[in-house]
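Let me begin by presenting the structure, written as structure tokens, before commenting on it.
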Amino acid sequence: MRDDIPVAVSADGVLLYAVPCRPESLPAVTPHALSLAWAAARAAATAEAWGPHRSLRFEGGPVLALADADAACWAEAVDRTVGLTHLAGLSLCLRLLALVELLGRARWMTGLFAIDSDGIELHPALLAAAANLPLDHAARFDERGMKRLLSRRIAGAGGAAEE
């Protein structure tokens, strides 16, 4: 599988990515890279550095639109820091967006992050799980899979179980 992602620009300014795989095949990233991307995205949102809309056409799979202001901003932040024209950068971006989406719907995760005046602090086990858990066909995280992985990681950190 090739690593580069061709990008074109539509007549209305949307960036069109021809992704050479399906979302489920995107590579894992490092927790450190995910943490840096989170910080860059927060800084971009604070600076109101809104990016262009993007459309991701996955080979043999879905077409995803990153068209809302927040997704466009966060994608722009990742594009500026690591680039979205290779699989690792796109994977980082989509994992970041999938994590935000999961945090918004999975109430059981509230103990894995803290919100204060400086932003959100993510538990290291949550970052590690989001960096490694495969995305599903819609470029989201499977909630049950995340819960299972986090249960093993957190229990393993205490010595009660191994990964």
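Numbering starts fresh at 1 for the residues of each chain in the structure tokens, the chains themselves are lettered A, B, ... in the order given, and ligands are numbered from 1 as they appear.
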
Find the nearest atom pair between each residue of region 71-116 of chain A and region 43-54 of chain A for residues within 12 Å, count only C-alpha atoms, give distances in Å to one decimal, sort rows by chain and ascending number, and present the table as JSON lines.
```
{"residue": "A:Ala71", "atom": "CA", "partner": "A:His53", "partner_atom": "CA", "distance": 8.5}
{"residue": "A:Ala72", "atom": "CA", "partner": "A:Gly51", "partner_atom": "CA", "distance": 5.0}
{"residue": "A:Cys73", "atom": "CA", "partner": "A:Trp50", "partner_atom": "CA", "distance": 4.4}
{"residue": "A:Trp74", "atom": "CA", "partner": "A:Ala44", "partner_atom": "CA", "distance": 7.1}
{"residue": "A:Ala75", "atom": "CA", "partner": "A:Gly51", "partner_atom": "CA", "distance": 7.2}
{"residue": "A:Glu76", "atom": "CA", "partner": "A:Gly51", "partner_atom": "CA", "distance": 5.0}
{"residue": "A:Ala77", "atom": "CA", "partner": "A:Ala44", "partner_atom": "CA", "distance": 6.0}
{"residue": "A:Val78", "atom": "CA", "partner": "A:Ala44", "partner_atom": "CA", "distance": 9.5}
{"residue": "A:Asp79", "atom": "CA", "partner": "A:Gly51", "partner_atom": "CA", "distance": 9.4}
{"residue": "A:Arg80", "atom": "CA", "partner": "A:Ala44", "partner_atom": "CA", "distance": 10.0}
{"residue": "A:Thr81", "atom": "CA", "partner": "A:Ala44", "partner_atom": "CA", "distance": 10.9}
{"residue": "A:Leu84", "atom": "CA", "partner": "A:Arg54", "partner_atom": "CA", "distance": 10.5}
{"residue": "A:Leu90", "atom": "CA", "partner": "A:Arg54", "partner_atom": "CA", "distance": 11.6}
{"residue": "A:Cys93", "atom": "CA", "partner": "A:Arg54", "partner_atom": "CA", "distance": 11.9}
```

Interface rows for region 15-114 of chain A against region 120-137 of chain A: nearest pair, Å to one decimal, 9 Å, only C-alpha atoms, as a Markdown table:
```
| residue | atom | partner | partner_atom | distance |
| --- | --- | --- | --- | --- |
| A:Arg22 | CA | A:His137 | CA | 7.0 |
| A:Pro23 | CA | A:His137 | CA | 5.6 |
| A:Glu24 | CA | A:Leu135 | CA | 5.0 |
| A:Ser25 | CA | A:Pro134 | CA | 7.5 |
| A:Leu26 | CA | A:Pro134 | CA | 7.5 |
| A:Pro27 | CA | A:Pro134 | CA | 7.9 |
| A:Ala28 | CA | A:Asn132 | CA | 4.9 |
| A:Val29 | CA | A:Ala131 | CA | 5.0 |
| A:Thr30 | CA | A:Ala131 | CA | 5.7 |
| A:Pro31 | CA | A:Ala128 | CA | 5.0 |
| A:His32 | CA | A:Leu127 | CA | 8.1 |
| A:Ala33 | CA | A:Ala131 | CA | 8.4 |
| A:Leu34 | CA | A:Ala131 | CA | 6.6 |
| A:Ser35 | CA | A:Leu127 | CA | 7.1 |
| A:Gly61 | CA | A:His137 | CA | 7.4 |
| A:Pro62 | CA | A:His137 | CA | 7.4 |
| A:Ser91 | CA | A:Leu135 | CA | 8.9 |
| A:Leu92 | CA | A:Ala131 | CA | 7.9 |
| A:Leu94 | CA | A:Leu135 | CA | 8.4 |
| A:Arg95 | CA | A:Ala130 | CA | 6.5 |
| A:Leu96 | CA | A:Ala130 | CA | 8.0 |
| A:Ala98 | CA | A:Leu135 | CA | 8.0 |
| A:Leu99 | CA | A:Ala130 | CA | 6.7 |
| A:Met109 | CA | A:Leu126 | CA | 8.9 |
| A:Gly111 | CA | A:His123 | CA | 8.5 |
| A:Leu112 | CA | A:His123 | CA | 5.1 |
| A:Phe113 | CA | A:Leu122 | CA | 4.5 |
| A:Ala114 | CA | A:Glu121 | CA | 5.1 |
```

Self-check item: Contact residues around Arg144 (chain A) with only C-alpha atoms at 10 Å, ignoring same-chain residues under 5 positions, as an MDAnalysis selection string
Solution: chainID A and resid 106 149:150

File dump, residues just selected, all heavy atoms, as a short mmCIF file (atom, residue, chain, number, x, y, z; two decimals), in the first residue's frame:
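Wrote it out as out_13.cif, contents follow:
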```cif
data_model
loop_
_atom_site.label_atom_id
_atom_site.label_comp_id
_atom_site.auth_asym_id
_atom_site.auth_seq_id
_atom_site.Cartn_x
_atom_site.Cartn_y
_atom_site.Cartn_z
N ALA A 106 -19.50 8.88 25.32
CA ALA A 106 -19.25 7.78 26.26
C ALA A 106 -19.10 8.33 27.68
O ALA A 106 -18.00 8.69 28.10
CB ALA A 106 -18.01 7.01 25.83
N LEU A 149 -10.14 -2.32 25.89
CA LEU A 149 -8.72 -2.02 25.86
C LEU A 149 -8.31 -1.18 27.08
O LEU A 149 -7.29 -1.45 27.72
CB LEU A 149 -8.37 -1.28 24.57
CG LEU A 149 -6.90 -0.94 24.34
CD1 LEU A 149 -6.02 -2.18 24.42
CD2 LEU A 149 -6.73 -0.25 23.00
N LEU A 150 -9.10 -0.20 27.43
CA LEU A 150 -8.78 0.63 28.59
C LEU A 150 -8.86 -0.16 29.89
O LEU A 150 -8.04 0.04 30.79
CB LEU A 150 -9.71 1.84 28.66
CG LEU A 150 -9.34 2.97 27.71
CD1 LEU A 150 -10.47 3.97 27.58
CD2 LEU A 150 -8.07 3.65 28.16
#
```

Self-check item: Residue neighbourhood Val9 (chain A), 12 Å, only C-alpha atoms, exclusion window fewer than 4 positions, as a PyMOL selection string
Solution: chain A and resi 13-18+52-56

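With CA of Val100 (chain A) on one side and CA of Cys21 (chain A) on the other, the separation reads 22.8 Å.
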
Quiz item: Mind pulling up the distance from CA of Ala11 (chain A) to CA of Thr85 (chain A)?
Solution: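 A separation of 19.8 Å between them.
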
Practice problem: Mind checking which residues fall within 8 Å of Val19 (chain A), counting only C-alpha atoms, ignoring those fewer than 6 positions away in the same chain, and posting them as a PyMOL selection string? | Solution: chain A and resi 5-6+56-59+87

Practice problem: Based on DSSP run over this structure's backbone, return all residues of region 19-136 of chain A in strand (DSSP E or B), as a list of chain:residue names. | Solution: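 After running DSSP on the backbone, region 19-136 of chain A has strand (DSSP E or B) at A:Val19, A:Arg54, A:Ser55, A:Leu56, A:Arg57, A:Phe58, A:Val63, A:Leu64, A:Ala65, A:Leu66, A:His86, A:Phe113, A:Ala114, A:Ile115, A:Asp116, A:Gly119, A:Ile120, A:Glu121, A:Leu122.
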
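Between CA of Ala40 (chain A) and CA of Ala139 (chain A) there is a distance of 20.6 Å.
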
Practice problem: Pick out each residue of region 43-147 of chain A that DSSP on the backbone tags as alpha helix (DSSP H); I need them as a PyMOL selection string. | Solution: chain A and resi 43-46+69-81+87-105+124-132+143-147
